[in-house]
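Beneath this line is the structure, given in structure tokens, with notes to follow.
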Amino acid sequence: MTEPSMIPQHMNPSLTPELSREVAYFLKWGYLVVEDAISLDQVETLRTALDAAFGGQEKSERQEGQFIHQLLEEDDRFAFLLDNPTVMLRMNAILGNCVQLHSATARVTSPGANEQSWHRDGPWPMDPDGTPYGSTPGQINCGYFLDELTTENGPIAIVPGSHRALFRPPEGHPTFPDEKIVFAKPGQAVMFDGWLYHRGMANNSEICRRVCLMCYQNAWMKSREPFDGPRVTALRENGSPEQKLLLGGIEKW
């Protein structure tokens with residue numbers, strides 16, 4: 001049975017003028033850089049936890065995808081990212097209060113990794129006018145980059161406003177005249193619409209590029225992860241009402 005405390009009392013939060021401007025910017029351009037999203041001590045905690053988790057993978061798995069899925073199951077030190085207040089303030093402002101985690105992953109991009117192709121994170125078509133009731137298919141990704149992005153280690157390329165484009169991204173990685181290179185720094189969070197054209201550039205440095213990715217969606221949409229591991233199950237059963245909602249505590253509508 002759903003706990004009443006899990007269900008928000010209001011669909012949307014009240015926004016300050018500054019937050020309203022950030023929401024308008026995100027809706028227009030499809031991304032937002034959040035300053036001081038986490039402390040430098042938290043950055044170091046995540047680096048240590050991610051290095052341990054990545055080191056525990058089989059060599060073949062590291063070479064195959066460099067991804068860690070179901071990140072919250074890897075280590076308790078990742079748990080604070082679930083409902084990080086600085087990010088959730090903006091996530092709720094954009095999506096509303098009924099939000100659920102779509103997935104929690106990490107990517108470690110090794111030296112020599114090639115450029116990614118332009119892509120979106122979902123298969124759904126897009127219409128800039130949305131649907132008659134105003135909903136749009138999508139998710140909002142939030143990347144916590146644990147290493148300062150540089151030209152050498154491969155920054156993130158995006159095409160601002162492309163989350164509203166009617167057509168799929170082109171194959172490969174051609175240059176867009178209005179593309180933007182994001183040189184994120186540790187402590188910042190980069191929020192972007194999953195339908196925004198984006199790609200990671202080649203890592204030509206001698207160090208890995210590390211990022212934790214927390215992705216969110218409306219609570220009535222399907223999540224990518226099952227959230228059925230022991231760590232997440234314990235958090236869903238014993239966490240705050242907000243944490244329970246984020247982890248799919250409302251099983252059906």
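Just so we're on the same page: first chain in the structure tokens is A, next is B, and so on; residues restart at 1 for each chain, and ligands are numbered from 1 in the order they show up.
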Pull the closest atom pair for each residue of stretch 45-160 of chain A that gets at most 10 Å from stretch 180-193 of chain A, along with the distance in Å to one decimal, counting only C-alpha atoms, ordering rows by chain and then ascending residue number, as CSV.
```
residue,atom,partner,partner_atom,distance
A:Thr86,CA,A:Ala189,CA,9.3
A:Val87,CA,A:Ala189,CA,7.7
A:Arg90,CA,A:Met191,CA,9.1
A:Met91,CA,A:Met191,CA,8.7
A:Arg120,CA,A:Asp193,CA,8.9
A:Asp121,CA,A:Asp193,CA,8.9
A:Gly138,CA,A:Asp193,CA,7.1
A:Gln139,CA,A:Asp193,CA,6.1
A:Ile140,CA,A:Asp193,CA,4.6
A:Asn141,CA,A:Phe192,CA,5.3
A:Cys142,CA,A:Met191,CA,4.3
A:Gly143,CA,A:Val190,CA,5.1
A:Tyr144,CA,A:Ala189,CA,4.9
A:Phe145,CA,A:Pro186,CA,5.6
A:Leu146,CA,A:Pro186,CA,5.0
A:Asp147,CA,A:Pro186,CA,5.8
A:Glu148,CA,A:Lys185,CA,4.4
A:Leu149,CA,A:Phe183,CA,4.8
A:Thr150,CA,A:Phe183,CA,6.1
A:Thr151,CA,A:Phe183,CA,8.2
A:Gly154,CA,A:Phe183,CA,8.8
A:Pro155,CA,A:Phe183,CA,5.6
A:Ile156,CA,A:Val182,CA,5.2
A:Ala157,CA,A:Ile181,CA,4.5
A:Ile158,CA,A:Lys180,CA,5.3
A:Val159,CA,A:Lys180,CA,6.0
A:Pro160,CA,A:Lys180,CA,7.1
```
Please, could you write that set of residues out with C-alpha atoms as a PDB file, in the first residue's frame?
```pdb
ATOM      1  CA  THR A  86      20.801  21.565  -4.962  1.00  0.00           C
ATOM      2  CA  VAL A  87      19.858  19.495  -7.999  1.00  0.00           C
ATOM      3  CA  ARG A  90      15.849  22.500 -10.019  1.00  0.00           C
ATOM      4  CA  MET A  91      14.632  19.063 -11.043  1.00  0.00           C
ATOM      5  CA  ARG A 120      19.606  11.260 -27.824  1.00  0.00           C
ATOM      6  CA  ASP A 121      18.867   9.048 -24.853  1.00  0.00           C
ATOM      7  CA  GLY A 138      11.768  12.671 -21.986  1.00  0.00           C
ATOM      8  CA  GLN A 139      14.043  12.568 -19.027  1.00  0.00           C
ATOM      9  CA  ILE A 140      16.470  14.952 -17.431  1.00  0.00           C
ATOM     10  CA  ASN A 141      20.032  13.779 -16.976  1.00  0.00           C
ATOM     11  CA  CYS A 142      22.364  15.180 -14.363  1.00  0.00           C
ATOM     12  CA  GLY A 143      26.081  14.629 -14.771  1.00  0.00           C
ATOM     13  CA  TYR A 144      28.489  15.086 -11.880  1.00  0.00           C
ATOM     14  CA  PHE A 145      31.885  15.262 -13.573  1.00  0.00           C
ATOM     15  CA  LEU A 146      34.640  14.234 -11.186  1.00  0.00           C
ATOM     16  CA  ASP A 147      37.499  15.426 -13.378  1.00  0.00           C
ATOM     17  CA  GLU A 148      37.784  18.876 -14.922  1.00  0.00           C
ATOM     18  CA  LEU A 149      36.898  18.580 -18.583  1.00  0.00           C
ATOM     19  CA  THR A 150      39.546  19.839 -20.961  1.00  0.00           C
ATOM     20  CA  THR A 151      40.221  19.760 -24.669  1.00  0.00           C
ATOM     21  CA  GLY A 154      37.266  15.020 -23.882  1.00  0.00           C
ATOM     22  CA  PRO A 155      34.629  17.596 -22.933  1.00  0.00           C
ATOM     23  CA  ILE A 156      30.928  17.221 -23.633  1.00  0.00           C
ATOM     24  CA  ALA A 157      29.494  18.596 -26.856  1.00  0.00           C
ATOM     25  CA  ILE A 158      25.838  19.642 -27.020  1.00  0.00           C
ATOM     26  CA  VAL A 159      23.587  21.424 -29.490  1.00  0.00           C
ATOM     27  CA  PRO A 160      21.525  23.928 -27.467  1.00  0.00           C
TER      28      PRO A 160
END
```
DSSP strand (DSSP E or B) selection over stretch 86-161 of chain A, as a ChimeraX atom specification = /A:99-109,119,140-145,156-158
For the residues selected in the previous step, produce a file with N, CA and C atoms as a PDB file, in the first residue's frame.
```
ATOM      1  N   VAL A  99       8.387  13.158  -9.045  1.00  0.00           N
ATOM      2  CA  VAL A  99       9.578  12.778  -9.798  1.00  0.00           C
ATOM      3  C   VAL A  99      10.077  11.421  -9.337  1.00  0.00           C
ATOM      4  N   GLN A 100      10.597  10.666 -10.276  1.00  0.00           N
ATOM      5  CA  GLN A 100      11.155   9.346  -9.987  1.00  0.00           C
ATOM      6  C   GLN A 100      12.509   9.222 -10.667  1.00  0.00           C
ATOM      7  N   LEU A 101      13.387   8.446 -10.067  1.00  0.00           N
ATOM      8  CA  LEU A 101      14.685   8.181 -10.681  1.00  0.00           C
ATOM      9  C   LEU A 101      14.512   7.267 -11.887  1.00  0.00           C
ATOM     10  N   HIS A 102      15.098   7.647 -12.985  1.00  0.00           N
ATOM     11  CA  HIS A 102      15.081   6.817 -14.188  1.00  0.00           C
ATOM     12  C   HIS A 102      16.222   5.813 -14.160  1.00  0.00           C
ATOM     13  N   SER A 103      17.412   6.267 -13.769  1.00  0.00           N
ATOM     14  CA  SER A 103      18.582   5.401 -13.720  1.00  0.00           C
ATOM     15  C   SER A 103      19.703   6.123 -12.986  1.00  0.00           C
ATOM     16  N   ALA A 104      20.613   5.345 -12.454  1.00  0.00           N
ATOM     17  CA  ALA A 104      21.819   5.881 -11.816  1.00  0.00           C
ATOM     18  C   ALA A 104      22.998   5.089 -12.355  1.00  0.00           C
ATOM     19  N   THR A 105      23.873   5.748 -13.073  1.00  0.00           N
ATOM     20  CA  THR A 105      25.000   5.069 -13.704  1.00  0.00           C
ATOM     21  C   THR A 105      26.261   5.891 -13.506  1.00  0.00           C
ATOM     22  N   ALA A 106      27.373   5.324 -13.900  1.00  0.00           N
ATOM     23  CA  ALA A 106      28.634   6.054 -13.940  1.00  0.00           C
ATOM     24  C   ALA A 106      29.378   5.623 -15.195  1.00  0.00           C
ATOM     25  N   ARG A 107      30.174   6.525 -15.700  1.00  0.00           N
ATOM     26  CA  ARG A 107      30.981   6.218 -16.881  1.00  0.00           C
ATOM     27  C   ARG A 107      32.422   6.622 -16.605  1.00  0.00           C
ATOM     28  N   VAL A 108      33.323   5.725 -16.883  1.00  0.00           N
ATOM     29  CA  VAL A 108      34.754   6.004 -16.786  1.00  0.00           C
ATOM     30  C   VAL A 108      35.327   5.872 -18.192  1.00  0.00           C
ATOM     31  N   THR A 109      35.709   6.997 -18.770  1.00  0.00           N
ATOM     32  CA  THR A 109      36.212   7.018 -20.135  1.00  0.00           C
ATOM     33  C   THR A 109      37.731   6.974 -20.105  1.00  0.00           C
ATOM     34  N   HIS A 119      23.828  11.725 -30.260  1.00  0.00           N
ATOM     35  CA  HIS A 119      22.713  10.852 -29.912  1.00  0.00           C
ATOM     36  C   HIS A 119      21.755  11.549 -28.954  1.00  0.00           C
ATOM     37  N   ILE A 140      15.435  13.957 -17.670  1.00  0.00           N
ATOM     38  CA  ILE A 140      16.470  14.952 -17.431  1.00  0.00           C
ATOM     39  C   ILE A 140      17.658  14.256 -16.807  1.00  0.00           C
ATOM     40  N   ASN A 141      18.793  14.372 -17.458  1.00  0.00           N
ATOM     41  CA  ASN A 141      20.032  13.779 -16.976  1.00  0.00           C
ATOM     42  C   ASN A 141      20.804  14.796 -16.152  1.00  0.00           C
ATOM     43  N   CYS A 142      21.535  14.304 -15.179  1.00  0.00           N
ATOM     44  CA  CYS A 142      22.364  15.180 -14.363  1.00  0.00           C
ATOM     45  C   CYS A 142      23.731  14.540 -14.216  1.00  0.00           C
ATOM     46  N   GLY A 143      24.732  15.171 -14.809  1.00  0.00           N
ATOM     47  CA  GLY A 143      26.081  14.629 -14.771  1.00  0.00           C
ATOM     48  C   GLY A 143      26.938  15.351 -13.743  1.00  0.00           C
ATOM     49  N   TYR A 144      27.512  14.565 -12.840  1.00  0.00           N
ATOM     50  CA  TYR A 144      28.489  15.086 -11.880  1.00  0.00           C
ATOM     51  C   TYR A 144      29.875  14.672 -12.374  1.00  0.00           C
ATOM     52  N   PHE A 145      30.583  15.586 -13.013  1.00  0.00           N
ATOM     53  CA  PHE A 145      31.885  15.262 -13.573  1.00  0.00           C
ATOM     54  C   PHE A 145      32.944  15.381 -12.481  1.00  0.00           C
ATOM     55  N   ILE A 156      32.241  17.634 -23.134  1.00  0.00           N
ATOM     56  CA  ILE A 156      30.928  17.221 -23.633  1.00  0.00           C
ATOM     57  C   ILE A 156      30.440  18.228 -24.663  1.00  0.00           C
ATOM     58  N   ALA A 157      30.035  17.742 -25.806  1.00  0.00           N
ATOM     59  CA  ALA A 157      29.494  18.596 -26.856  1.00  0.00           C
ATOM     60  C   ALA A 157      27.976  18.487 -26.855  1.00  0.00           C
ATOM     61  N   ILE A 158      27.296  19.615 -26.954  1.00  0.00           N
ATOM     62  CA  ILE A 158      25.838  19.642 -27.020  1.00  0.00           C
ATOM     63  C   ILE A 158      25.421  20.605 -28.132  1.00  0.00           C
TER      64      ILE A 158
END
```
A:Pro111 environment, 10 Å, only C-alpha atoms, sequence neighbours closer than 5 positions dropped, as a list in words |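 That gives Glu152, Asn153, Gly154, Ala202, Asn203, Asn204, Ser205, Glu206, Ile207, Cys208 and Arg209 of chain A.
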Leaving out A:His163 and any residue of its chain fewer than 5 positions from it, which residues lie within 10 Å of it when counting only C-alpha atoms, given as a compact mmCIF listing (two decimals) with N, CA and C atoms, in the first residue's frame?
```
# COMPACT_ATOMS: atom_id res chain seq x y z
N LEU A 27 14.20 25.20 -20.48
CA LEU A 27 13.16 24.86 -21.45
C LEU A 27 13.54 25.32 -22.85
N LYS A 28 14.22 26.46 -22.95
CA LYS A 28 14.60 26.98 -24.26
C LYS A 28 15.81 26.26 -24.82
N TRP A 29 16.85 26.06 -24.00
CA TRP A 29 18.12 25.56 -24.51
C TRP A 29 18.38 24.09 -24.20
N GLY A 30 17.67 23.53 -23.23
CA GLY A 30 17.78 22.09 -22.97
C GLY A 30 18.89 21.68 -22.02
N TYR A 31 19.54 22.65 -21.39
CA TYR A 31 20.61 22.29 -20.46
C TYR A 31 20.77 23.41 -19.42
N ARG A 120 20.58 10.97 -28.87
CA ARG A 120 19.61 11.26 -27.82
C ARG A 120 19.51 10.02 -26.94
N MET A 126 9.83 13.62 -31.28
CA MET A 126 9.64 14.88 -30.55
C MET A 126 8.80 15.83 -31.38
N ASP A 127 7.94 16.56 -30.70
CA ASP A 127 7.17 17.62 -31.32
C ASP A 127 7.35 18.86 -30.45
N PRO A 128 7.82 19.97 -31.01
CA PRO A 128 8.07 21.14 -30.18
C PRO A 128 6.83 21.68 -29.50
N GLY A 138 10.42 12.25 -22.27
CA GLY A 138 11.77 12.67 -21.99
C GLY A 138 12.22 12.37 -20.57
N ARG A 168 15.99 13.10 -35.95
CA ARG A 168 17.02 12.43 -35.17
C ARG A 168 18.39 13.08 -35.40
N PHE A 192 20.75 18.16 -18.33
CA PHE A 192 20.37 18.34 -19.73
C PHE A 192 19.22 17.40 -20.09
N ASP A 193 18.37 17.88 -20.95
CA ASP A 193 17.26 17.09 -21.46
C ASP A 193 17.81 15.88 -22.20
N GLY A 194 17.26 14.71 -21.94
CA GLY A 194 17.74 13.50 -22.60
C GLY A 194 17.58 13.53 -24.11
N TRP A 195 16.75 14.42 -24.61
CA TRP A 195 16.54 14.52 -26.06
C TRP A 195 17.47 15.55 -26.70
N LEU A 196 18.26 16.22 -25.89
CA LEU A 196 19.25 17.14 -26.42
C LEU A 196 20.33 16.36 -27.17
N TYR A 197 20.71 16.81 -28.36
CA TYR A 197 21.82 16.18 -29.05
C TYR A 197 23.08 16.37 -28.19
N HIS A 198 23.76 15.28 -27.91
CA HIS A 198 24.96 15.38 -27.09
C HIS A 198 25.91 14.23 -27.41
```
From stretch 14-249 of chain A, collect each residue whose DSSP state is alpha helix (DSSP H) and return the set as a short mmCIF file (atom, residue, chain, number, x, y, z; two decimals) with C-alpha atoms, in the first residue's frame.
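Okay, part.cif is ready:
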```cif
data_model
loop_
_atom_site.label_atom_id
_atom_site.label_comp_id
_atom_site.auth_asym_id
_atom_site.auth_seq_id
_atom_site.Cartn_x
_atom_site.Cartn_y
_atom_site.Cartn_z
CA PRO A 17 12.31 34.73 -9.71
CA GLU A 18 15.85 33.36 -10.03
CA LEU A 19 14.63 29.76 -10.26
CA SER A 20 11.99 30.77 -12.79
CA ARG A 21 14.74 32.22 -14.99
CA GLU A 22 16.72 29.00 -14.75
CA VAL A 23 13.65 26.95 -15.72
CA ALA A 24 12.98 29.22 -18.70
CA TYR A 25 16.61 28.85 -19.78
CA PHE A 26 16.41 25.05 -19.52
CA LEU A 27 13.16 24.86 -21.45
CA LYS A 28 14.60 26.98 -24.26
CA TRP A 29 18.12 25.56 -24.51
CA LEU A 40 34.85 19.28 -3.12
CA ASP A 41 34.84 16.83 -0.19
CA GLN A 42 31.87 15.07 -1.82
CA VAL A 43 33.71 15.06 -5.13
CA GLU A 44 36.62 13.27 -3.48
CA THR A 45 34.25 10.79 -1.84
CA LEU A 46 32.71 9.98 -5.21
CA ARG A 47 36.12 9.60 -6.84
CA THR A 48 37.20 7.10 -4.21
CA ALA A 49 33.95 5.14 -4.40
CA LEU A 50 33.89 5.10 -8.21
CA ASP A 51 37.51 4.02 -8.50
CA ALA A 52 36.78 1.14 -6.14
CA ALA A 53 33.63 0.13 -8.05
CA PHE A 54 35.31 0.37 -11.44
CA GLY A 55 38.34 -1.54 -10.23
CA LYS A 59 38.71 -6.36 -17.36
CA SER A 60 36.46 -7.40 -20.24
CA GLU A 61 33.59 -5.39 -18.76
CA ARG A 62 35.78 -2.31 -18.39
CA GLN A 63 36.87 -2.50 -22.00
CA GLU A 64 33.41 -3.25 -23.32
CA PRO A 85 19.01 19.18 -2.60
CA THR A 86 20.80 21.57 -4.96
CA VAL A 87 19.86 19.49 -8.00
CA MET A 88 16.44 18.34 -6.81
CA LEU A 89 15.40 21.96 -6.29
CA ARG A 90 15.85 22.50 -10.02
CA MET A 91 14.63 19.06 -11.04
CA ASN A 92 11.32 19.65 -9.24
CA ALA A 93 11.09 23.14 -10.70
CA ILE A 94 11.25 21.68 -14.21
CA LEU A 95 9.45 18.34 -13.84
CA PRO A 230 19.54 -4.80 -1.47
CA ARG A 231 20.87 -1.25 -1.02
CA VAL A 232 18.10 0.41 -2.99
CA THR A 233 15.43 -1.82 -1.45
CA ALA A 234 16.57 -0.83 2.04
CA LEU A 235 16.56 2.85 1.07
CA ARG A 236 13.09 2.57 -0.46
CA GLU A 237 11.76 0.87 2.67
CA ASN A 238 13.49 3.01 5.31
CA PRO A 241 9.11 9.95 1.77
CA GLU A 242 10.95 11.80 -1.00
CA GLN A 243 13.53 9.01 -1.36
CA LYS A 244 10.79 6.39 -1.47
CA LEU A 245 9.01 8.29 -4.24
CA LEU A 246 12.24 8.67 -6.22
#
```
At what distance in Å, to one decimal, does atom CA of A:Arg224 lie from atom CA of A:Met11?
->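 The value is 23.3 Å.
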Kindly give the distance, in Å, that separates atom CA of A:Phe227 and atom CA of A:Leu247, rounded to a single decimal.
->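 Between atom CA of A:Phe227 and atom CA of A:Leu247 the gap works out to 6.8 Å.
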Go through A:Gln66, A:Asn97, A:Gln217, A:Asn84 and flag the residue nearest A:Ser14, using only C-alpha atoms for the distances.
->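 Looking only at the distances to A:Ser14, the closest residue turns out to be A:Asn97.
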Between atom CA of A:Ile68 and atom CA of A:Val211, what is the spacing in Å?
->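 Value for the atom CA of A:Val211-atom CA of A:Ile68 distance: 10.4 Å.
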